Amino acid sequence: MQEAAKKGAAAAPKGRIEIDFERCKACELCVPACPKNCIEMGRRINAGGFAAAVFARPEDCTGCAICAESCPDVCIEVWR
Amino acid sequence: MTDRGKDRFTKKVYARPKSLVDVKSHFCPGCHHGIAHRILAETIDHFGLREQTVGVACVGCAVFLYDYIDVDVAEAPHGRAPAVATGVKRAQPDKFVFTYQGDGDLAAIGTSEVIHAANRGENITVLFVNNTTYGMTGGQMAPTTMLGQKTSTSPYGRDFRKDGYPIKMAELLATLEGTAYSARVATSTPAQIRKAKEAVKKAFEMQIKEMGFSIVEFLSTCPTNWGMKPLDAQKRVLGEMSEYFPLGVYKERKQADFL
Ligand SMILES: Cc1ncc(C[n+]2csc(CCOP(=O)(O)OP(=O)(O)O)c2C)c(N)n1
Ligand code: SF4
Ligand code: SF4
Ligand code: SF4
């Protein structure tokens, strides 16, 4: 139990992002930009026909906002 | 956007800049015009200039500047943005005046306008987006096109014997006495994006302090006309493009010593 709590604490995210599903153009630029590898390309297609990026590994997010600064379409908002 | 992230994390550390209108852009996926627009809007916000700014848009993919940047914008004929900006700034010197131009606009049809605006030391700021091609019209060869680069008007690749060499505008304009600031930046890595922002801030400061003409050249991408995926287009910028067009500050005036 204690072990699990410790693990949980170590994996606790320090931030959170939100990707605007409809605005995303699936350019993939945010994927390698994230130093924690939190973002992946999704499979769900938006109205523009793009398989938008998804916040796949929220547990590792530090809220550094590097992904948001790299997105040419300003789709990403970041909270800490 | 929703406020879902607020549940646990209450401090919004990144949001769309206020001067960037909340609409979807028409730019192709991965096009760095979007990054340059955002840096521009962030810098306008940083200096609190939104109500005092007049932008001058070019002809090219950035022609819809007025739809995206929440300031007054005049549309100039192809290449003539620095001439239009000269008029705006001279008539209203209290306004912050910038142009935003592509390489077909600034380095081809508008070469004369930008050189003379710089040489006159016009107190304006130019954002110059170099994607080595005419994006809007389908990827024709520009003066900035790299040697060997295949475009719709150089199907065998640009050949210096016929087409000359890619023109280095940041270096060229730095040689002019009226230029206060000239830098070349890129936006293909997070670190480069931050540096680009610093350069745009410096360029704004030059105008605010009335030091003269300032220009920031962005090494940009045109994934569509390069026939590349956006990530590969960024690799091209980091590789051959920055080798030929070195990043850096080519001129930075420290004080108004030009009088
Ligand atoms: C006087 C005039 N000549 C030619 C054109 C056609 N034209 C429209 S955009 C463009 C080139 C734009 O290329 P660039 O400045 O590199 O901008 P990009 O689209 O790549 O961002 C040209 C030649 C025009 N609109 N007006
Ligand atoms: S805020 Fe930082 S850690 Fe979180 S997803 Fe974006 S780049 Fe990755
Ligand atoms: S950088 Fe922006 S537009 Fe591109 S995939 Fe990521 S969220 Fe979508
Ligand atoms: S054509 Fe090229 S420069 Fe124009 S929006 Fe598309 S990628 Fe950007």
# chains A, B, ... in the order shown; residues from 1 in each chain; ligands from 1

$ closest_atom_pairs --of "chain A" --to "ligand 3" --cutoff "9 Å" --atoms "only C-alpha atoms and all ligand atoms" --output "Markdown table"
| residue | atom | partner | partner_atom_place_in_ligand_line | distance |
| --- | --- | --- | --- | --- |
| A:Ile19 | CA | ligand 3 | 7 (S) | 5.8 |
| A:Asp20 | CA | ligand 3 | 7 (S) | 7.2 |
| A:Phe21 | CA | ligand 3 | 8 (Fe) | 7.9 |
| A:Arg23 | CA | ligand 3 | 3 (S) | 6.9 |
| A:Cys24 | CA | ligand 3 | 8 (Fe) | 3.8 |
| A:Lys25 | CA | ligand 3 | 3 (S) | 4.3 |
| A:Ala26 | CA | ligand 3 | 5 (S) | 3.7 |
| A:Cys27 | CA | ligand 3 | 4 (Fe) | 3.9 |
| A:Glu28 | CA | ligand 3 | 5 (S) | 3.9 |
| A:Leu29 | CA | ligand 3 | 1 (S) | 4.4 |
| A:Cys30 | CA | ligand 3 | 1 (S) | 4.1 |
| A:Val31 | CA | ligand 3 | 6 (Fe) | 6.5 |
| A:Ala33 | CA | ligand 3 | 1 (S) | 8.7 |
| A:Ile39 | CA | ligand 3 | 6 (Fe) | 8.1 |
| A:Glu40 | CA | ligand 3 | 5 (S) | 8.5 |
| A:Met41 | CA | ligand 3 | 5 (S) | 7.0 |
| A:Phe50 | CA | ligand 3 | 8 (Fe) | 8.7 |
| A:Ala51 | CA | ligand 3 | 5 (S) | 8.5 |
| A:Ala52 | CA | ligand 3 | 8 (Fe) | 5.7 |
| A:Ala53 | CA | ligand 3 | 5 (S) | 4.9 |
| A:Val54 | CA | ligand 3 | 7 (S) | 7.8 |
| A:Cys67 | CA | ligand 3 | 1 (S) | 7.1 |
| A:Ala68 | CA | ligand 3 | 2 (Fe) | 7.5 |
| A:Glu69 | CA | ligand 3 | 1 (S) | 8.8 |
| A:Ser70 | CA | ligand 3 | 1 (S) | 6.1 |
| A:Cys71 | CA | ligand 3 | 1 (S) | 3.6 |
| A:Pro72 | CA | ligand 3 | 2 (Fe) | 6.0 |
| A:Asp73 | CA | ligand 3 | 3 (S) | 5.2 |
| A:Val74 | CA | ligand 3 | 2 (Fe) | 6.3 |
| A:Cys75 | CA | ligand 3 | 7 (S) | 5.2 |
| A:Ile76 | CA | ligand 3 | 7 (S) | 6.0 |

$ residues_around --residues "Val13 in chain B" --least-positions-apart "2" --cutoff "9 Å" --atoms "only C-alpha atoms" --output "list in words"
Gly63, Cys64, Ala65, Glu77, Val78, Trp79 and Arg80 of chain A; Lys11 and Ala15 of chain B

$ select_by_dssp --residues "range 9-72 of chain B" --states "strand (DSSP E or B)" --output "ChimeraX atom specification"
/B:12-14,20,53-57,69,72

$ write_last_selection --atoms "C-alpha atoms" --output "mmCIF file, in the first residue's frame"
data_model
loop_
_atom_site.group_PDB
_atom_site.id
_atom_site.type_symbol
_atom_site.label_atom_id
_atom_site.label_comp_id
_atom_site.auth_asym_id
_atom_site.auth_seq_id
_atom_site.Cartn_x
_atom_site.Cartn_y
_atom_site.Cartn_z
ATOM 1 C CA LYS B 12 -3.189 28.648 -16.830
ATOM 2 C CA VAL B 13 0.434 28.912 -17.956
ATOM 3 C CA TYR B 14 -0.171 28.970 -21.662
ATOM 4 C CA LEU B 20 -4.241 36.674 -31.949
ATOM 5 C CA THR B 53 -0.283 49.274 -33.818
ATOM 6 C CA VAL B 54 -0.733 49.431 -37.569
ATOM 7 C CA GLY B 55 0.381 46.354 -39.471
ATOM 8 C CA VAL B 56 1.025 46.235 -43.190
ATOM 9 C CA ALA B 57 0.248 42.922 -44.849
ATOM 10 C CA ILE B 69 -3.779 39.839 -35.741
ATOM 11 C CA ASP B 72 -5.353 47.787 -37.639
#

$ residues_around --residues "Asp159 in chain B" --least-positions-apart "5" --cutoff "12 Å" --atoms "only C-alpha atoms" --output "PDB file with N, CA and C atoms, in the first residue's frame"
ATOM      1  N   MET B 141      10.045  29.258 -58.025  1.00  0.00           N
ATOM      2  CA  MET B 141      11.368  29.620 -57.522  1.00  0.00           C
ATOM      3  C   MET B 141      11.367  31.079 -57.069  1.00  0.00           C
ATOM      4  N   PRO B 143      14.001  34.261 -55.170  1.00  0.00           N
ATOM      5  CA  PRO B 143      15.440  34.553 -55.084  1.00  0.00           C
ATOM      6  C   PRO B 143      16.111  33.818 -53.926  1.00  0.00           C
ATOM      7  N   THR B 145      15.367  30.658 -53.085  1.00  0.00           N
ATOM      8  CA  THR B 145      15.364  29.205 -53.336  1.00  0.00           C
ATOM      9  C   THR B 145      16.792  28.657 -53.291  1.00  0.00           C
ATOM     10  N   MET B 146      16.958  27.529 -52.633  1.00  0.00           N
ATOM     11  CA  MET B 146      18.293  26.948 -52.458  1.00  0.00           C
ATOM     12  C   MET B 146      18.821  26.373 -53.777  1.00  0.00           C
ATOM     13  N   LEU B 147      20.142  26.344 -53.933  1.00  0.00           N
ATOM     14  CA  LEU B 147      20.729  25.717 -55.116  1.00  0.00           C
ATOM     15  C   LEU B 147      20.305  24.248 -55.151  1.00  0.00           C
ATOM     16  N   GLY B 148      19.874  23.821 -56.312  1.00  0.00           N
ATOM     17  CA  GLY B 148      19.438  22.425 -56.462  1.00  0.00           C
ATOM     18  C   GLY B 148      17.992  22.182 -56.094  1.00  0.00           C
ATOM     19  N   GLN B 149      17.363  23.181 -55.476  1.00  0.00           N
ATOM     20  CA  GLN B 149      15.968  22.989 -55.037  1.00  0.00           C
ATOM     21  C   GLN B 149      15.039  22.939 -56.241  1.00  0.00           C
ATOM     22  N   LYS B 150      14.217  21.894 -56.281  1.00  0.00           N
ATOM     23  CA  LYS B 150      13.261  21.745 -57.375  1.00  0.00           C
ATOM     24  C   LYS B 150      11.993  22.499 -57.016  1.00  0.00           C
ATOM     25  N   THR B 151      11.567  23.366 -57.908  1.00  0.00           N
ATOM     26  CA  THR B 151      10.313  24.088 -57.726  1.00  0.00           C
ATOM     27  C   THR B 151       9.543  23.984 -59.033  1.00  0.00           C
ATOM     28  N   THR B 153       9.060  26.183 -61.154  1.00  0.00           N
ATOM     29  CA  THR B 153       9.744  26.910 -62.241  1.00  0.00           C
ATOM     30  C   THR B 153      11.232  26.586 -62.305  1.00  0.00           C
ATOM     31  N   SER B 154      11.685  25.666 -61.469  1.00  0.00           N
ATOM     32  CA  SER B 154      13.063  25.147 -61.598  1.00  0.00           C
ATOM     33  C   SER B 154      12.986  23.634 -61.434  1.00  0.00           C
ATOM     34  N   GLY B 164      21.438  32.322 -60.579  1.00  0.00           N
ATOM     35  CA  GLY B 164      22.144  33.006 -59.506  1.00  0.00           C
ATOM     36  C   GLY B 164      22.026  32.257 -58.190  1.00  0.00           C
ATOM     37  N   TYR B 165      22.366  32.972 -57.125  1.00  0.00           N
ATOM     38  CA  TYR B 165      22.454  32.335 -55.800  1.00  0.00           C
ATOM     39  C   TYR B 165      21.309  32.789 -54.897  1.00  0.00           C
ATOM     40  N   PRO B 166      20.978  31.959 -53.910  1.00  0.00           N
ATOM     41  CA  PRO B 166      19.960  32.367 -52.920  1.00  0.00           C
ATOM     42  C   PRO B 166      20.398  33.649 -52.213  1.00  0.00           C
TER      43      PRO B 166
END

$ atom_distance --atom1 "CA of Ile39 in chain B" --atom2 "CA of Cys38 in chain A"
24.0 Å

$ interface_residues --of "chain B" --to "chain A" --cutoff "9 Å" --atoms "only C-alpha atoms" --output "PyMOL selection string"
chain B and resi 1-6+8-16+23-25+27-38+187-190+193-194+229-231+234

$ write_last_selection --atoms "N, CA, C and O atoms" --output "compact mmCIF listing (two decimals), in the first residue's frame"
# COMPACT_ATOMS: atom_id res chain seq x y z
N MET B 1 -12.23 27.03 -25.87
CA MET B 1 -11.80 25.78 -25.23
C MET B 1 -12.46 25.64 -23.87
O MET B 1 -12.85 26.62 -23.26
N THR B 2 -12.55 24.43 -23.38
CA THR B 2 -13.17 24.22 -22.07
C THR B 2 -12.18 24.52 -20.95
O THR B 2 -11.01 24.76 -21.22
N ASP B 3 -12.65 24.49 -19.75
CA ASP B 3 -11.80 24.75 -18.60
C ASP B 3 -11.53 23.47 -17.83
O ASP B 3 -11.30 23.47 -16.63
N ARG B 4 -11.56 22.35 -18.53
CA ARG B 4 -11.42 21.06 -17.88
C ARG B 4 -10.12 20.94 -17.07
O ARG B 4 -10.11 20.41 -15.98
N GLY B 5 -9.05 21.46 -17.64
CA GLY B 5 -7.76 21.35 -16.98
C GLY B 5 -7.72 22.04 -15.64
O GLY B 5 -6.80 21.84 -14.86
N LYS B 6 -8.69 22.87 -15.40
CA LYS B 6 -8.66 23.65 -14.18
C LYS B 6 -8.92 22.82 -12.94
O LYS B 6 -8.62 23.23 -11.83
N ARG B 8 -7.62 20.21 -11.45
CA ARG B 8 -6.50 20.00 -10.53
C ARG B 8 -5.46 21.10 -10.66
O ARG B 8 -4.81 21.46 -9.69
N PHE B 9 -5.29 21.58 -11.83
CA PHE B 9 -4.24 22.56 -12.06
C PHE B 9 -4.91 23.88 -12.39
O PHE B 9 -5.53 24.02 -13.43
N THR B 10 -4.78 24.81 -11.52
CA THR B 10 -5.63 25.99 -11.62
C THR B 10 -4.98 27.15 -12.35
O THR B 10 -5.65 28.09 -12.72
N LYS B 11 -3.66 27.08 -12.50
CA LYS B 11 -2.98 28.24 -13.09
C LYS B 11 -2.76 27.98 -14.58
O LYS B 11 -2.05 27.06 -14.98
N LYS B 12 -3.39 28.81 -15.39
CA LYS B 12 -3.19 28.65 -16.83
C LYS B 12 -1.82 29.24 -17.17
O LYS B 12 -1.58 30.42 -16.93
N VAL B 13 -0.91 28.41 -17.67
CA VAL B 13 0.43 28.91 -17.96
C VAL B 13 0.64 29.14 -19.45
O VAL B 13 1.61 29.76 -19.85
N TYR B 14 -0.27 28.64 -20.23
CA TYR B 14 -0.17 28.97 -21.66
C TYR B 14 -1.54 29.09 -22.29
O TYR B 14 -2.34 28.16 -22.23
N ALA B 15 -1.81 30.21 -22.88
CA ALA B 15 -3.06 30.42 -23.60
C ALA B 15 -2.76 31.26 -24.84
O ALA B 15 -1.70 31.87 -24.96
N ARG B 16 -3.69 31.27 -25.73
CA ARG B 16 -3.59 32.05 -26.96
C ARG B 16 -3.35 33.53 -26.62
O ARG B 16 -4.04 34.08 -25.76
N VAL B 23 -9.57 32.36 -34.20
CA VAL B 23 -10.16 31.68 -35.37
C VAL B 23 -9.16 30.65 -35.89
O VAL B 23 -7.96 30.74 -35.59
N LYS B 24 -9.65 29.71 -36.63
CA LYS B 24 -8.78 28.72 -37.26
C LYS B 24 -8.06 29.39 -38.43
O LYS B 24 -8.70 30.08 -39.22
N SER B 25 -6.77 29.17 -38.56
CA SER B 25 -6.04 29.81 -39.67
C SER B 25 -6.22 28.99 -40.95
O SER B 25 -6.56 27.81 -40.90
N PHE B 27 -3.69 28.43 -42.89
CA PHE B 27 -2.38 27.87 -43.23
C PHE B 27 -2.42 26.35 -43.30
O PHE B 27 -3.18 25.69 -42.59
N CYS B 28 -1.56 25.80 -44.16
CA CYS B 28 -1.49 24.34 -44.29
C CYS B 28 -0.98 23.74 -42.97
O CYS B 28 -0.30 24.42 -42.20
N PRO B 29 -1.26 22.45 -42.73
CA PRO B 29 -0.75 21.81 -41.53
C PRO B 29 0.77 21.95 -41.42
O PRO B 29 1.50 21.71 -42.38
N GLY B 30 1.22 22.38 -40.24
CA GLY B 30 2.66 22.45 -39.99
C GLY B 30 3.36 23.67 -40.57
O GLY B 30 4.57 23.81 -40.43
N CYS B 31 2.63 24.57 -41.22
CA CYS B 31 3.25 25.75 -41.81
C CYS B 31 3.70 26.70 -40.69
O CYS B 31 2.93 27.04 -39.81
N HIS B 32 4.95 27.15 -40.78
CA HIS B 32 5.49 27.99 -39.71
C HIS B 32 4.99 29.44 -39.73
O HIS B 32 5.33 30.20 -38.84
N HIS B 33 4.22 29.81 -40.74
CA HIS B 33 3.57 31.14 -40.68
C HIS B 33 2.79 31.25 -39.37
O HIS B 33 2.73 32.30 -38.75
N GLY B 34 2.17 30.13 -38.96
CA GLY B 34 1.37 30.13 -37.73
C GLY B 34 2.22 30.48 -36.51
O GLY B 34 1.78 31.21 -35.62
N ILE B 35 3.45 29.95 -36.49
CA ILE B 35 4.33 30.22 -35.35
C ILE B 35 4.76 31.69 -35.38
O ILE B 35 4.77 32.37 -34.35
N ALA B 36 5.10 32.19 -36.55
CA ALA B 36 5.52 33.60 -36.67
C ALA B 36 4.37 34.53 -36.27
O ALA B 36 4.58 35.54 -35.59
N HIS B 37 3.15 34.20 -36.68
CA HIS B 37 1.99 35.00 -36.29
C HIS B 37 1.84 35.02 -34.77
O HIS B 37 1.56 36.05 -34.18
N ARG B 38 2.01 33.85 -34.16
CA ARG B 38 1.83 33.79 -32.72
C ARG B 38 2.91 34.61 -32.00
O ARG B 38 2.61 35.35 -31.05
N THR B 187 12.34 28.60 -36.38
CA THR B 187 11.30 28.19 -35.43
C THR B 187 11.09 26.68 -35.51
O THR B 187 9.99 26.19 -35.38
N SER B 188 12.20 25.95 -35.72
CA SER B 188 12.07 24.50 -35.91
C SER B 188 12.38 23.68 -34.66
O SER B 188 12.27 22.46 -34.70
N THR B 189 12.80 24.33 -33.58
CA THR B 189 12.93 23.63 -32.28
C THR B 189 12.36 24.57 -31.22
O THR B 189 12.31 25.78 -31.43
N PRO B 190 11.98 24.02 -30.06
CA PRO B 190 11.48 24.89 -28.98
C PRO B 190 12.50 25.98 -28.61
O PRO B 190 12.12 27.13 -28.38
N ILE B 193 12.43 28.72 -31.13
CA ILE B 193 11.21 29.53 -31.03
C ILE B 193 11.39 30.60 -29.96
O ILE B 193 11.03 31.77 -30.14
N ARG B 194 12.01 30.22 -28.83
CA ARG B 194 12.25 31.20 -27.77
C ARG B 194 13.23 32.28 -28.22
O ARG B 194 13.03 33.45 -27.95
N LYS B 229 6.57 16.18 -45.36
CA LYS B 229 5.80 16.20 -44.13
C LYS B 229 6.34 17.34 -43.27
O LYS B 229 7.54 17.65 -43.34
N PRO B 230 5.47 17.92 -42.42
CA PRO B 230 5.93 19.04 -41.59
C PRO B 230 7.20 18.75 -40.79
O PRO B 230 8.08 19.60 -40.70
N LEU B 231 7.32 17.54 -40.24
CA LEU B 231 8.52 17.24 -39.45
C LEU B 231 9.77 17.17 -40.33
O LEU B 231 10.85 17.58 -39.93
N GLN B 234 10.87 20.67 -41.13
CA GLN B 234 11.67 21.25 -40.05
C GLN B 234 13.11 20.77 -40.11
O GLN B 234 14.04 21.52 -39.87

$ residues_around --residues "Gly110 in chain B" --least-positions-apart "4" --cutoff "12 Å" --atoms "only C-alpha atoms" --output "NGL selection string"
:B and (58-59 or 76-84 or 101-106 or 114-117 or 128 or 142-143 or 169)

$ decode --residues "range 232-249 of chain B" --atoms "N, CA and C atoms" --output "short mmCIF file (atom, residue, chain, number, x, y, z; two decimals), in the first residue's frame"
data_model
loop_
_atom_site.label_atom_id
_atom_site.label_comp_id
_atom_site.auth_asym_id
_atom_site.auth_seq_id
_atom_site.Cartn_x
_atom_site.Cartn_y
_atom_site.Cartn_z
N ASP B 232 9.61 16.67 -41.56
CA ASP B 232 10.75 16.63 -42.48
C ASP B 232 11.11 18.04 -42.94
N ALA B 233 10.09 18.87 -43.08
CA ALA B 233 10.35 20.26 -43.48
C ALA B 233 11.19 20.96 -42.40
N GLN B 234 10.87 20.67 -41.13
CA GLN B 234 11.67 21.25 -40.05
C GLN B 234 13.11 20.77 -40.11
N LYS B 235 13.29 19.49 -40.47
CA LYS B 235 14.65 18.95 -40.58
C LYS B 235 15.41 19.67 -41.69
N ARG B 236 14.71 20.03 -42.75
CA ARG B 236 15.36 20.75 -43.85
C ARG B 236 15.85 22.12 -43.36
N VAL B 237 15.02 22.77 -42.54
CA VAL B 237 15.43 24.07 -41.99
C VAL B 237 16.67 23.90 -41.13
N LEU B 238 16.66 22.88 -40.27
CA LEU B 238 17.78 22.65 -39.34
C LEU B 238 19.04 22.22 -40.10
N GLY B 239 18.86 21.61 -41.25
CA GLY B 239 20.00 21.13 -42.02
C GLY B 239 20.45 22.14 -43.06
N GLU B 240 20.13 21.88 -44.32
CA GLU B 240 20.71 22.67 -45.41
C GLU B 240 20.33 24.15 -45.35
N MET B 241 19.15 24.45 -44.87
CA MET B 241 18.76 25.87 -44.89
C MET B 241 19.58 26.70 -43.91
N SER B 242 19.73 26.20 -42.66
CA SER B 242 20.51 27.03 -41.73
C SER B 242 22.01 26.96 -42.01
N GLU B 243 22.43 25.98 -42.80
CA GLU B 243 23.83 25.96 -43.21
C GLU B 243 24.11 27.13 -44.17
N TYR B 244 23.19 27.31 -45.11
CA TYR B 244 23.40 28.39 -46.09
C TYR B 244 22.97 29.75 -45.55
N PHE B 245 21.90 29.75 -44.76
CA PHE B 245 21.38 30.99 -44.17
C PHE B 245 21.65 30.96 -42.66
N PRO B 246 22.87 31.30 -42.23
CA PRO B 246 23.18 31.13 -40.80
C PRO B 246 22.29 32.00 -39.92
N LEU B 247 21.90 31.41 -38.79
CA LEU B 247 21.09 32.15 -37.82
C LEU B 247 22.01 33.10 -37.06
N GLY B 248 21.47 34.20 -36.61
CA GLY B 248 22.28 35.11 -35.80
C GLY B 248 21.82 36.55 -35.93
N VAL B 249 22.47 37.39 -35.15
CA VAL B 249 22.18 38.82 -35.18
C VAL B 249 23.26 39.47 -36.04
#
